[in-house]
$ cat query-v8.csv   # CSV, C-alpha atoms and all ligand atoms
chain,number,residue,atom,x,y,z
O,97,MET,CA,-1.3,-6.6,-20.9
O,98,ILE,CA,-3.8,-4.5,-19.0
O,99,LEU,CA,-7.4,-3.8,-20.1
O,100,THR,CA,-9.3,-1.4,-17.9
O,101,LEU,CA,-13.1,-0.8,-17.8
O,102,SER,CA,-13.1,2.8,-16.9
O,103,HIS,CA,-15.6,5.6,-16.4
O,104,GLN,CA,-16.1,7.8,-13.3
O,105,LYS,CA,-19.8,7.5,-13.8
O,106,GLY,CA,-21.6,4.7,-12.0
O,107,GLY,CA,-23.9,2.1,-13.4
O,108,VAL,CA,-22.8,2.3,-17.0
O,109,GLY,CA,-22.0,-1.4,-17.3
O,110,LYS,CA,-18.3,-1.6,-16.4
O,111,SER,CA,-18.6,-4.7,-14.1
O,112,THR,CA,-21.1,-6.4,-16.4
O,113,ILE,CA,-18.8,-6.1,-19.4
O,114,ALA,CA,-15.6,-6.9,-17.4
O,115,TRP,CA,-17.2,-10.0,-16.1
O,116,ASN,CA,-18.2,-11.2,-19.6
O,117,LEU,CA,-14.9,-10.3,-21.2
O,118,ALA,CA,-12.9,-12.0,-18.4
O,119,LEU,CA,-14.9,-15.3,-18.7
O,120,GLU,CA,-14.6,-15.3,-22.5
O,121,PHE,CA,-10.9,-14.4,-22.7
O,122,SER,CA,-10.1,-17.0,-20.0
O,123,LYS,CA,-10.8,-19.6,-22.8
O,124,PHE,CA,-7.7,-18.3,-24.7
O,125,LEU,CA,-5.2,-17.1,-22.1
O,126,PRO,CA,-4.6,-16.7,-18.3
O,127,VAL,CA,-6.7,-13.8,-17.0
O,128,THR,CA,-6.5,-12.0,-13.7
O,129,VAL,CA,-9.2,-9.5,-12.7
O,130,ILE,CA,-8.5,-6.6,-10.3
O,131,ASP,CA,-11.8,-5.6,-8.7
O,132,LEU,CA,-11.7,-1.9,-7.7
O,133,ASP,CA,-15.5,-1.7,-7.7
O,134,MET,CA,-16.7,-0.7,-4.2
O,135,GLN,CA,-19.7,-3.1,-4.6
O,136,ARG,CA,-17.2,-5.8,-5.4
O,137,SER,CA,-19.8,-6.9,-8.1
O,138,MET,CA,-17.5,-9.3,-9.9
O,139,SER,CA,-16.3,-10.9,-6.7
O,140,ALA,CA,-19.9,-11.5,-5.7
O,141,ALA,CA,-20.7,-13.2,-9.0
O,142,ASN,CA,-17.5,-15.2,-8.8
O,143,ARG,CA,-18.6,-16.6,-5.4
O,144,ILE,CA,-21.9,-17.8,-7.0
O,145,ARG,CA,-19.8,-19.4,-9.7
O,146,THR,CA,-17.6,-21.2,-7.2
O,147,ASP,CA,-20.6,-22.4,-5.2
O,148,LYS,CA,-22.1,-23.9,-8.3
O,149,GLY,CA,-18.8,-25.8,-9.1
O,150,MET,CA,-17.8,-23.8,-12.1
O,151,ALA,CA,-14.2,-22.7,-12.7
O,152,PRO,CA,-13.9,-19.3,-10.9
O,153,LEU,CA,-12.1,-16.3,-12.2
O,154,ASP,CA,-8.8,-15.2,-10.6
O,155,ILE,CA,-9.9,-12.0,-8.9
O,156,CYS,CA,-7.7,-9.8,-6.6
O,157,HIS,CA,-8.3,-6.7,-4.5
O,158,PHE,CA,-5.9,-3.9,-3.4
O,159,GLY,CA,-6.5,-1.7,-0.4
O,160,ASP,CA,-3.1,-0.1,-0.6
O,161,ALA,CA,-2.2,2.1,-3.7
O,162,ASP,CA,1.5,1.1,-3.5
O,163,GLU,CA,0.7,-2.6,-3.6
O,164,PHE,CA,-1.6,-1.9,-6.6
O,165,VAL,CA,1.2,0.0,-8.4
O,166,HIS,CA,3.7,-2.7,-7.6
O,167,TYR,CA,1.4,-5.4,-9.0
O,168,ILE,CA,0.6,-3.6,-12.3
O,169,GLU,CA,4.3,-2.6,-12.8
O,170,LYS,CA,5.3,-6.3,-12.7
O,171,ASP,CA,5.8,-8.0,-16.1
O,172,HIS,CA,2.8,-10.3,-16.5
O,173,GLU,CA,4.0,-11.9,-19.8
O,174,GLY,CA,1.3,-13.8,-21.5
O,175,ARG,CA,-1.4,-12.8,-19.0
O,176,LEU,CA,-4.3,-10.5,-19.5
O,177,THR,CA,-5.2,-8.3,-16.5
O,178,ILE,CA,-8.7,-6.8,-16.5
O,179,ILE,CA,-9.3,-4.0,-14.1
O,180,ASP,CA,-12.9,-3.2,-13.2
O,181,SER,CA,-12.6,0.3,-11.9
O,182,GLY,CA,-15.1,2.0,-9.6
O,183,GLY,CA,-17.8,4.4,-10.7
O,184,PHE,CA,-16.1,7.5,-9.2
O,185,ASP,CA,-12.8,9.4,-9.7
O,186,SER,CA,-10.0,8.2,-7.4
O,187,SER,CA,-6.3,7.8,-7.3
O,188,PHE,CA,-6.7,4.0,-7.9
O,189,ASN,CA,-8.8,4.6,-11.0
O,190,ARG,CA,-6.4,7.3,-12.3
O,191,ILE,CA,-3.4,4.8,-11.8
O,192,ALA,CA,-5.4,2.2,-13.7
O,193,ILE,CA,-6.1,4.6,-16.6
O,194,MET,CA,-2.4,5.5,-16.9
O,195,ALA,CA,-1.1,1.9,-16.6
O,196,SER,CA,-3.5,0.4,-19.1
O,197,ASP,CA,-2.6,-0.8,-22.6
O,198,VAL,CA,-6.3,-0.6,-23.6
O,199,LEU,CA,-9.2,1.4,-22.0
O,200,LEU,CA,-12.8,0.6,-22.5
O,201,THR,CA,-15.6,3.0,-21.5
O,202,PRO,CA,-19.3,1.9,-21.7
O,203,VAL,CA,-21.8,4.6,-22.1
O,204,SER,CA,-25.6,4.6,-22.9
O,205,ASP,CA,-27.6,7.0,-25.0
O,206,LYS,CA,-29.2,8.6,-21.9
O,207,PRO,CA,-28.7,12.4,-21.4
O,208,PHE,CA,-26.9,12.1,-18.1
O,209,ASP,CA,-24.4,9.7,-19.7
O,210,LEU,CA,-23.4,12.5,-22.1
O,211,LEU,CA,-22.7,14.8,-19.1
O,212,GLY,CA,-20.7,12.0,-17.5
O,213,LEU,CA,-18.7,11.5,-20.6
O,214,GLN,CA,-17.8,15.2,-20.7
O,215,LYS,CA,-16.5,14.9,-17.2
O,216,TYR,CA,-14.5,11.8,-18.1
O,217,GLU,CA,-13.0,13.6,-21.0
O,218,GLU,CA,-11.6,16.2,-18.6
O,219,ILE,CA,-10.0,13.4,-16.5
O,220,LEU,CA,-8.4,11.9,-19.7
O,221,GLU,CA,-7.2,15.4,-20.7
O,222,ALA,CA,-5.6,16.0,-17.3
O,223,LEU,CA,-3.9,12.6,-17.3
O,224,SER,CA,-2.8,13.0,-20.9
O,225,GLY,CA,-1.1,16.3,-20.0
O,226,PHE,CA,0.6,14.5,-17.1
O,227,GLN,CA,1.9,11.7,-19.3
O,228,GLU,CA,2.6,14.0,-22.2
O,229,LYS,CA,0.7,11.7,-24.6
O,230,THR,CA,-3.0,11.5,-25.6
O,231,ILE,CA,-4.7,8.8,-23.6
O,232,LYS,CA,-7.6,7.4,-25.7
O,233,THR,CA,-10.4,5.1,-24.5
O,234,HIS,CA,-12.6,2.9,-26.7
O,235,VAL,CA,-16.2,3.8,-26.1
O,236,VAL,CA,-18.8,1.1,-26.4
O,237,LEU,CA,-22.4,2.0,-26.5
O,238,ASN,CA,-24.1,-0.2,-23.9
O,239,ASN,CA,-27.6,-0.7,-22.5
O,240,LEU,CA,-29.2,0.8,-25.6
O,241,ASN,CA,-32.9,0.6,-26.1
O,242,PRO,CA,-33.3,-2.3,-28.5
O,243,ALA,CA,-35.6,-0.3,-30.8
O,244,LEU,CA,-33.4,2.7,-31.0
O,245,ARG,CA,-31.5,3.3,-34.2
O,246,ASN,CA,-30.1,6.8,-33.8
O,247,PHE,CA,-27.7,7.6,-30.9
O,248,GLY,CA,-27.1,11.1,-32.1
O,249,ASP,CA,-25.7,13.3,-29.3
O,250,VAL,CA,-23.5,10.7,-27.7
O,251,MET,CA,-22.1,9.5,-31.0
O,252,GLU,CA,-21.4,13.0,-32.2
O,253,PHE,CA,-19.6,13.9,-28.9
O,254,VAL,CA,-17.5,10.7,-29.1
O,255,LEU,CA,-16.6,11.2,-32.7
O,256,MET,CA,-15.5,14.8,-32.1
O,257,SER,CA,-13.2,14.0,-29.2
O,258,GLU,CA,-9.5,13.2,-29.6
O,259,TYR,CA,-9.8,11.1,-26.4
O,260,PHE,CA,-12.5,8.7,-27.6
O,261,GLU,CA,-12.6,6.0,-30.2
O,262,LEU,CA,-16.0,4.6,-31.0
O,263,MET,CA,-16.3,0.8,-31.1
O,264,THR,CA,-18.3,-0.8,-33.9
O,265,SER,CA,-20.0,-3.3,-31.5
O,266,VAL,CA,-23.0,-2.1,-29.4
O,267,LEU,CA,-24.7,-3.8,-26.5
O,268,ARG,CA,-28.4,-3.4,-26.2
O,269,GLN,CA,-30.5,-3.5,-23.1
O,270,ARG,CA,-31.0,-7.3,-22.6
O,271,VAL,CA,-32.3,-9.1,-19.5
O,272,ASP,CA,-29.7,-11.9,-20.1
O,273,PHE,CA,-27.0,-9.5,-18.8
O,274,SER,CA,-28.4,-9.4,-15.3
O,275,ASN,CA,-29.9,-12.9,-15.3
O,276,SER,CA,-26.5,-14.5,-16.3
O,277,VAL,CA,-24.5,-12.7,-13.6
O,278,GLY,CA,-27.2,-13.8,-11.0
O,279,VAL,CA,-26.3,-17.5,-11.8
O,280,GLY,CA,-22.5,-16.9,-11.9
O,281,LYS,CA,-22.3,-17.2,-15.7
O,282,SER,CA,-21.4,-15.0,-18.7
O,283,VAL,CA,-24.2,-14.3,-21.2
O,284,ILE,CA,-22.4,-16.6,-23.7
O,285,GLU,CA,-22.5,-19.5,-21.2
O,286,HIS,CA,-26.0,-18.7,-20.0
O,287,ALA,CA,-27.9,-18.2,-23.3
O,288,PRO,CA,-25.4,-18.9,-26.1
O,289,GLN,CA,-28.0,-18.4,-28.9
O,290,GLY,CA,-29.5,-15.2,-27.4
O,291,ARG,CA,-29.0,-11.7,-28.8
O,292,ALA,CA,-26.9,-10.6,-25.7
O,293,ALA,CA,-24.5,-13.4,-26.4
O,294,LEU,CA,-24.2,-12.5,-30.1
O,295,GLU,CA,-23.5,-8.9,-29.2
O,296,MET,CA,-21.0,-9.9,-26.5
O,297,LYS,CA,-19.2,-12.2,-29.0
O,298,ALA,CA,-18.9,-9.4,-31.4
O,299,LEU,CA,-17.5,-7.1,-28.7
O,300,CYS,CA,-15.0,-9.8,-27.6
O,301,LYS,CA,-13.8,-10.2,-31.2
O,302,GLU,CA,-13.3,-6.5,-31.6
O,303,ILE,CA,-11.4,-6.1,-28.3
O,304,GLY,CA,-9.5,-9.3,-28.9
O,305,GLU,CA,-8.2,-7.9,-32.2
O,306,ILE,CA,-7.2,-4.6,-30.4
O,307,LEU,CA,-5.4,-6.6,-27.7
O,308,ASN,CA,-4.0,-9.0,-30.4
O,309,ILE,CA,-5.0,-12.0,-28.4
O,310,LEU,CA,-7.5,-13.9,-30.7
O,401,LIG,N1,-26.6,-4.2,-21.8
O,401,LIG,C1,-27.3,-4.3,-20.6
O,401,LIG,N2,-28.6,-4.7,-20.6
O,401,LIG,C2,-29.3,-4.8,-19.5
O,401,LIG,N3,-28.8,-4.4,-18.3
O,401,LIG,C3,-27.6,-4.0,-18.2
O,401,LIG,C4,-26.7,-3.9,-19.3
O,401,LIG,N4,-25.5,-3.4,-19.0
O,401,LIG,C5,-25.6,-3.2,-17.6
O,401,LIG,N5,-26.8,-3.5,-17.2
O,401,LIG,C6,-27.3,-3.4,-15.8
O,401,LIG,O1,-27.0,-2.1,-15.3
O,401,LIG,C7,-26.7,-2.1,-13.9
O,401,LIG,C8,-25.3,-1.5,-13.8
O,401,LIG,O2,-24.4,-2.3,-14.4
O,401,LIG,P1,-22.9,-2.4,-13.8
O,401,LIG,O3,-23.0,-2.8,-12.3
O,401,LIG,O4,-22.2,-3.3,-14.7
O,401,LIG,O5,-22.4,-0.9,-13.9
O,401,LIG,P2,-21.0,-0.3,-13.4
O,401,LIG,O6,-20.5,0.7,-14.4
O,401,LIG,O7,-20.0,-1.4,-13.0
O,401,LIG,O8,-21.5,0.4,-12.0
O,401,LIG,P3,-20.5,1.0,-10.8
O,401,LIG,O9,-19.9,2.2,-11.4
O,401,LIG,O10,-21.5,1.3,-9.8
O,401,LIG,O11,-19.6,-0.1,-10.5
O,401,LIG,C9,-26.7,-3.6,-13.5
O,401,LIG,O12,-27.9,-3.9,-12.9
O,401,LIG,C10,-26.6,-4.4,-14.9
O,401,LIG,O13,-27.2,-5.6,-14.8
O,402,MG,MG,-19.1,-1.8,-11.2
$ encode --input "query-v8.csv" --output "structure tokens" --more "lines below"
Ligand SMILES: Nc1ncnc2c1ncn2[C@@H]1O[C@H](COP(=O)(O)OP(=O)(O)OP(=O)(O)O)[C@@H](O)[C@H]1O
Ligand SMILES: [Mg+2]
Amino acid sequence: MILTLSHQKGGVGKSTIAWNLALEFSKFLPVTVIDLDMQRSMSAANRIRTDKGMAPLDICHFGDADEFVHYIEKDHEGRLTIIDSGGFDSSFNRIAIMASDVLLTPVSDKPFDLLGLQKYEEILEALSGFQEKTIKTHVVLNNLNPALRNFGDVMEFVLMSEYFELMTSVLRQRVDFSNSVGVGKSVIEHAPQGRAALEMKALCKEIGEILNIL
């Protein structure tokens, strides 16, 4: 089973969410992470984790597209592969989109994120034409101002598109997300009673149900 955090726009929260999902789902089944992020964000956090004596994630990298395709075409029965794709459009990221069972796309309510989402819709449209089926991604609103109640434009755009499915869970802007990565932990491990942890648990539950793993 392959879950890919995908959006060609940078800085929307792909690595942050992939990191948290991987650590939480590792409690239930074997998880492998493929780190396609140029910054290797998850690998860096995983080194902190290892240094602190916590069980690290299984993270791999691919420099060669053929090796990457070979890996994802193999049958990984009973294993969840989470791909953290880079914040740009590339053949690696397009392969990941087409190979995934479930796609997850974080987006905030900021105006530039709406423009980024329009561009991403064009990519999904092109790949859907190529595969002759509609490729849908689950859109999760992330990094939202905690006081904001109306996400008007982004929500309207997501709800209108045949390529997007809006998730019920939302993640607000919380310092726990960056603080926890900095100490090699998920938000749930770092501040289990905090709001970020509660929001992340709700997202894990929703995605776990889509993947049928919880
Ligand atoms: N819900 C949130 N609350 C607070 N900060 C957040 C949240 N989500 C992400 N961030 C912060 O936003 C920044 C970008 O997040 P992240 O690196 O996960 O994005 P990305 O989509 O993986 O970026 P790239 O495309 O460059 O790989 C990080 O500093 C992260 O800590
Ligand atoms: Mg990233």
$ closest_atom_pairs --input "query-v8.csv" --of "chain O" --to "ligand LIG 401 (chain O)" --cutoff "7 Å" --atoms "all atoms listed in the file" --output "CSV"
residue,atom,partner,partner_atom,distance
O:Lys105,CA,O:LIG401,O9,5.8
O:Gly106,CA,O:LIG401,O9,3.1
O:Gly107,CA,O:LIG401,O8,3.3
O:Val108,CA,O:LIG401,O6,3.8
O:Gly109,CA,O:LIG401,O4,3.2
O:Lys110,CA,O:LIG401,O6,3.8
O:Ser111,CA,O:LIG401,O7,3.7
O:Thr112,CA,O:LIG401,O4,3.7
O:Ile113,CA,O:LIG401,O4,6.4
O:Asp133,CA,O:LIG401,O11,5.2
O:Met134,CA,O:LIG401,O11,7.0
O:Gln135,CA,O:LIG401,O11,6.6
O:Ser137,CA,O:LIG401,O3,6.7
O:Gly182,CA,O:LIG401,O11,5.0
O:Gly183,CA,O:LIG401,O9,3.1
O:Phe184,CA,O:LIG401,O9,6.9
O:Asn238,CA,O:LIG401,N1,5.2
O:Asn239,CA,O:LIG401,N1,3.7
O:Leu240,CA,O:LIG401,N1,6.8
O:Leu267,CA,O:LIG401,N1,5.1
O:Arg268,CA,O:LIG401,N1,4.8
O:Gln269,CA,O:LIG401,N2,3.4
O:Arg270,CA,O:LIG401,N2,4.1
O:Val271,CA,O:LIG401,C2,5.2
O:Phe273,CA,O:LIG401,C2,5.3
O:Ser274,CA,O:LIG401,O13,4.0
$ atom_distance --input "query-v8.csv" --atom1 "atom CA of O:Lys297" --atom2 "atom CA of O:Leu310"
11.9 Å
$ atom_distance --input "query-v8.csv" --atom1 "atom CA of O:Gln214" --atom2 "atom CA of O:Phe253"
8.5 Å
$ atom_distance --input "query-v8.csv" --atom1 "atom CA of O:Asp205" --atom2 "atom CA of O:Met251"
8.5 Å
$ residues_around --input "query-v8.csv" --residues "O:Phe164" --least-positions-apart "3" --cutoff "12 Å" --atoms "only C-alpha atoms" --output "list of chain:residue names"
O:Ile130, O:Asp131, O:Leu132, O:Cys156, O:His157, O:Phe158, O:Gly159, O:Asp160, O:Ala161, O:Tyr167, O:Ile168, O:Glu169, O:Lys170, O:Ile179, O:Ser187, O:Phe188, O:Asn189, O:Arg190, O:Ile191, O:Ala192, O:Ala195
$ closest_residue --input "query-v8.csv" --among "O:Met256, O:Ile98, O:Ile144, O:Val129" --to "O:Ser276" --atoms "all atoms listed in the file"
O:Ile144
$ closest_residue --input "query-v8.csv" --among "O:Tyr216, O:Phe121, O:Pro202, O:Asp197" --to "ligand MG 402 (chain O)" --atoms "only C-alpha atoms and all ligand atoms"
O:Pro202
$ closest_residue --input "query-v8.csv" --among "O:Leu99, O:Ala141, O:Leu125, O:Met194" --to "ligand MG 402 (chain O)" --atoms "only C-alpha atoms and all ligand atoms"
O:Ala141
